[in-house]
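Peer 1: To start, I am sharing the structure in question, which I have written as structure tokens.
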Amino acid sequence: MHHVSEFEIAREDDRRFRHLVESISDYAIFMLNPQGQICSWNQGAERIKGYAKEEVLGQHISIFYTPEAVEEGKPQADLQQALSLGHCNDEGWRLRRDGSRFWASIVITALFDANGKLDGYSKITKDMTDRKRLEERFRRVVEAAPNAMVMVNSGGRIEMVNAQTERLFGYTREELIGESVEILVPEQFRHKHPQLRDMFFHNPQSRPMGAGRDLFGRRKDNTEFPVEIGLNPIETEEGIMVLSSIVDISERKRLEQRFQLVVESAPNAMVMVNRQGRIEMVNAQAEQLFGYLRSEMLGNPVEMLVPERFRRQHPEKRNMFFNDPKSRPMGAGRDLFGRRKDGSEFPIEIGLNPIETGDGAMVLSAIVDISDRKQKEMRIEVALKEKNFLLGEIHHRVKNNLQIIYSLLDLQASRINDPVVQDMLLDSQNRVRSMALIHQTLYQSNDFAKVEFGSFLETLVPTLMATYGINSKNIRLKVDVSPVHLPINLAIPCGLLMNELITNALKHGFPDGATGEIVVGLSQNEQSKVMLFVSDDGVGIPEELNFEQSETLGLSLITLLAHQIKGSLTIHRHHPTRFLLDFLVEDI
């Protein structure tokens, strides 16, 4: 029976180990003699460096170094470091057989025999070109970032910065690399910063730093400025690091402060609400209007300012606004109410304005207490009702009195046989009938504040023709009016005046059986000056007639009415007969 010696076992183990090493393809693993010449070569070395085994055995390792590194004595320095320290770890550019370069991570280990004499070196090389390319791309992205970028390791040391960091903080890159990141933090916050940093590394995830807190940076000259920081964990071969994106928000803070000053000095209550319905900002007027302290409102739902009976519908209406944000009044066509801290309610008007902020879209509400206005509106409404009631009573009394006067005139006419007196009584009856017609037409307009006088004339003129029994086939009527609104105290005298002008044209402008045209006009210019006119192509006014004193034509009444409404009257005697009246609405 053959016994295997320890030497044979060792030789077999060595053979297996060499076979294992030679079959590895991801790493170049080979041996060097004490002078640095290559003694072995595995598959990984052939794949990475491109040399066949027979081409490289006996060659010095300097063939793998770049000309610059050889000139600097890098190969000998690496071997010397391995001899002195036991090993040499390095990264750098190396050469392949075809002259192309690759980024290598190497470990050279010194090997000694049993007597402590140098027996040679082992060298392990890994091709890190892909990782190097990714790192370079990452560095270029960081360098080109518009914000300051600072990468920090778990020990709080700065590993990388970009040019924006140098500009923002006033340090050079060399002054920052390797330093504690607290160099960029104001002194009053430095003692807390390591603890906060450790909290991030225990739960690394992308997020803003210091949510809900004001953050500040510190420049080399010790000046401080407000910042916004985003934290992003980065996996590296050296472990997890944090890449911080730092933005100087000094200008934003100035604008926010200016905005807050504007809001604070606004004459109305101002309440700013976020998309979730939480109150973000209020001014002193809001405190005064609702009775809450600012601290009691901030962060609470805006529904606290809404009466309880409306609270359920309010979130839906708020969401509708955020889905279509634009400046507009709230609750158009509806009565809105606010609720004070003491539970009392009051009518309000609200203007909504969308605001874009760093925390997203918000709505700024301008709130006005309209209690005084509502009370005035109620008083006006009561007064109008009382006025309408009074005018209704007056209308009925005037109507009854005119009917009595008309009946008395009719009674007198039936008892008197004198034709001249009968004509006078008949003319008086027609005047009473016209006055009743005018009064009835104005009353039926249903608006005692303003009368649309053009429509009134369109109704009045045909009725007058029918009242006086004028044959419309013989006399043509043309009404040319614009829509002009007159107050009732102006419409009544104007109605009486137009009645006199039209009836005079009907009675005296045309003999029996004559034909012709009567034109009634109404217009208003940009200065609110109103012109009324009546013209006809009848016989005109006789020369010998003094129309200012004539009761026959009723022109003295026309003059009196014209003076009453502060208008000017022009009467043309001859064909065509024309009566013009102009006045200012504001004068009445």
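By order in the structure tokens, chains are A, B, ...; within a chain, residues start at 1; ligands start at 1, following the order shown.
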Running DSSP on the backbone, which parts of range 5-116 of chain A land in strand (DSSP E), as a list in words?
Peer 2: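 Here is the list: Ala28, Ile29, Phe30, Met31, Leu32, His87, Cys88, Asn89, Asp90, Glu91, Gly92, Trp93, Arg94, Leu95, Arg101, Phe102, Trp103, Ala104, Ser105, Ile106, Val107, Ile108, Thr109, Ala110, Leu111 and Phe112 of chain A.
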Peer 1: Do a neighbour search on range 31-39 of chain A at 6 Å with only C-alpha atoms, toss out local chain neighbours closer than 5 positions, and write the hits as a list in words.
Peer 2: Leu57, Gly58, Gln59, His60, Gly120, Tyr121 and Ser122 of chain A
Peer 1: Would you output that residue set with C-alpha atoms, as a PDB file, in the first residue's frame?
Peer 2:
```pdb
ATOM      1  CA  LEU A  57       7.266  35.688 -19.257  1.00  0.00           C
ATOM      2  CA  GLY A  58      10.571  37.261 -18.246  1.00  0.00           C
ATOM      3  CA  GLN A  59       9.412  40.781 -19.086  1.00  0.00           C
ATOM      4  CA  HIS A  60       9.603  43.541 -16.472  1.00  0.00           C
ATOM      5  CA  GLY A 120       9.250  37.654  -5.212  1.00  0.00           C
ATOM      6  CA  TYR A 121       5.886  39.397  -5.561  1.00  0.00           C
ATOM      7  CA  SER A 122       2.314  38.560  -6.378  1.00  0.00           C
TER       8      SER A 122
END
```
Peer 1: Would you list the contacts of Pro315 in chain A as a list in words, taking every protein, DNA or RNA residue within 10 Å and counting only C-alpha atoms, but skipping same-chain residues closer than 2 positions in sequence?
Peer 2: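 Selected residues are Arg275, Gln276, Gly277, Pro301, Val302, Glu303, Phe310, Arg311, Arg312, Gln313, Lys317, Arg318, Asn319, Met320 and Phe321 of chain A.
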Peer 1: Distance table requested - range 276-329 of chain A against range 360-375 of chain A, cut-off 10 Å, only C-alpha atoms: one row per qualifying residue with the closest atom pair and its distance in Å to one decimal, ordered by chain and rising residue number, as JSON lines.
Peer 2:
```
{"residue": "A:Gln276", "atom": "CA", "partner": "A:Met362", "partner_atom": "CA", "distance": 9.2}
{"residue": "A:Gly277", "atom": "CA", "partner": "A:Met362", "partner_atom": "CA", "distance": 9.1}
{"residue": "A:Arg278", "atom": "CA", "partner": "A:Met362", "partner_atom": "CA", "distance": 9.8}
{"residue": "A:Ile279", "atom": "CA", "partner": "A:Met362", "partner_atom": "CA", "distance": 9.7}
{"residue": "A:Glu280", "atom": "CA", "partner": "A:Met362", "partner_atom": "CA", "distance": 8.8}
{"residue": "A:Met281", "atom": "CA", "partner": "A:Leu364", "partner_atom": "CA", "distance": 8.8}
{"residue": "A:Val282", "atom": "CA", "partner": "A:Leu364", "partner_atom": "CA", "distance": 9.4}
{"residue": "A:Gln285", "atom": "CA", "partner": "A:Ile367", "partner_atom": "CA", "distance": 9.3}
{"residue": "A:Ala286", "atom": "CA", "partner": "A:Ile367", "partner_atom": "CA", "distance": 8.1}
{"residue": "A:Leu289", "atom": "CA", "partner": "A:Asp369", "partner_atom": "CA", "distance": 7.8}
{"residue": "A:Arg318", "atom": "CA", "partner": "A:Val363", "partner_atom": "CA", "distance": 9.3}
{"residue": "A:Phe321", "atom": "CA", "partner": "A:Val363", "partner_atom": "CA", "distance": 8.7}
{"residue": "A:Phe322", "atom": "CA", "partner": "A:Ala361", "partner_atom": "CA", "distance": 7.9}
{"residue": "A:Pro325", "atom": "CA", "partner": "A:Val363", "partner_atom": "CA", "distance": 8.3}
{"residue": "A:Lys326", "atom": "CA", "partner": "A:Val363", "partner_atom": "CA", "distance": 9.4}
{"residue": "A:Ser327", "atom": "CA", "partner": "A:Val363", "partner_atom": "CA", "distance": 9.3}
{"residue": "A:Pro329", "atom": "CA", "partner": "A:Ser365", "partner_atom": "CA", "distance": 9.4}
```
Peer 1: Give me, as a list in words, all polymer residues having an atom no more than 12 Å from Asp98 in chain A, counting only C-alpha atoms and skipping those fewer than 6 positions away in the same chain.
Peer 2: Ile48, Lys49, Gly50, Tyr51, Ile63 and Phe64 of chain A
Peer 1: Selection from above, C-alpha atoms, as a PDB file, in the first residue's frame, can you write it?
Peer 2:
```pdb
ATOM      1  CA  ILE A  48      -7.076  42.103 -19.587  1.00  0.00           C
ATOM      2  CA  LYS A  49      -3.572  42.932 -20.813  1.00  0.00           C
ATOM      3  CA  GLY A  50      -3.661  41.225 -24.209  1.00  0.00           C
ATOM      4  CA  TYR A  51      -0.332  39.365 -23.954  1.00  0.00           C
ATOM      5  CA  ILE A  63       5.814  47.287 -19.815  1.00  0.00           C
ATOM      6  CA  PHE A  64       2.349  47.764 -18.276  1.00  0.00           C
TER       7      PHE A  64
END
```
Peer 1: Do you know which residues are at most 10 Å from Asp582 in chain A counting only C-alpha atoms, after dropping those on the same chain fewer than 3 positions away, and could you put them as number ranges by chain?
Peer 2: A: 522-524, 529-533, 562, 565-570, 585
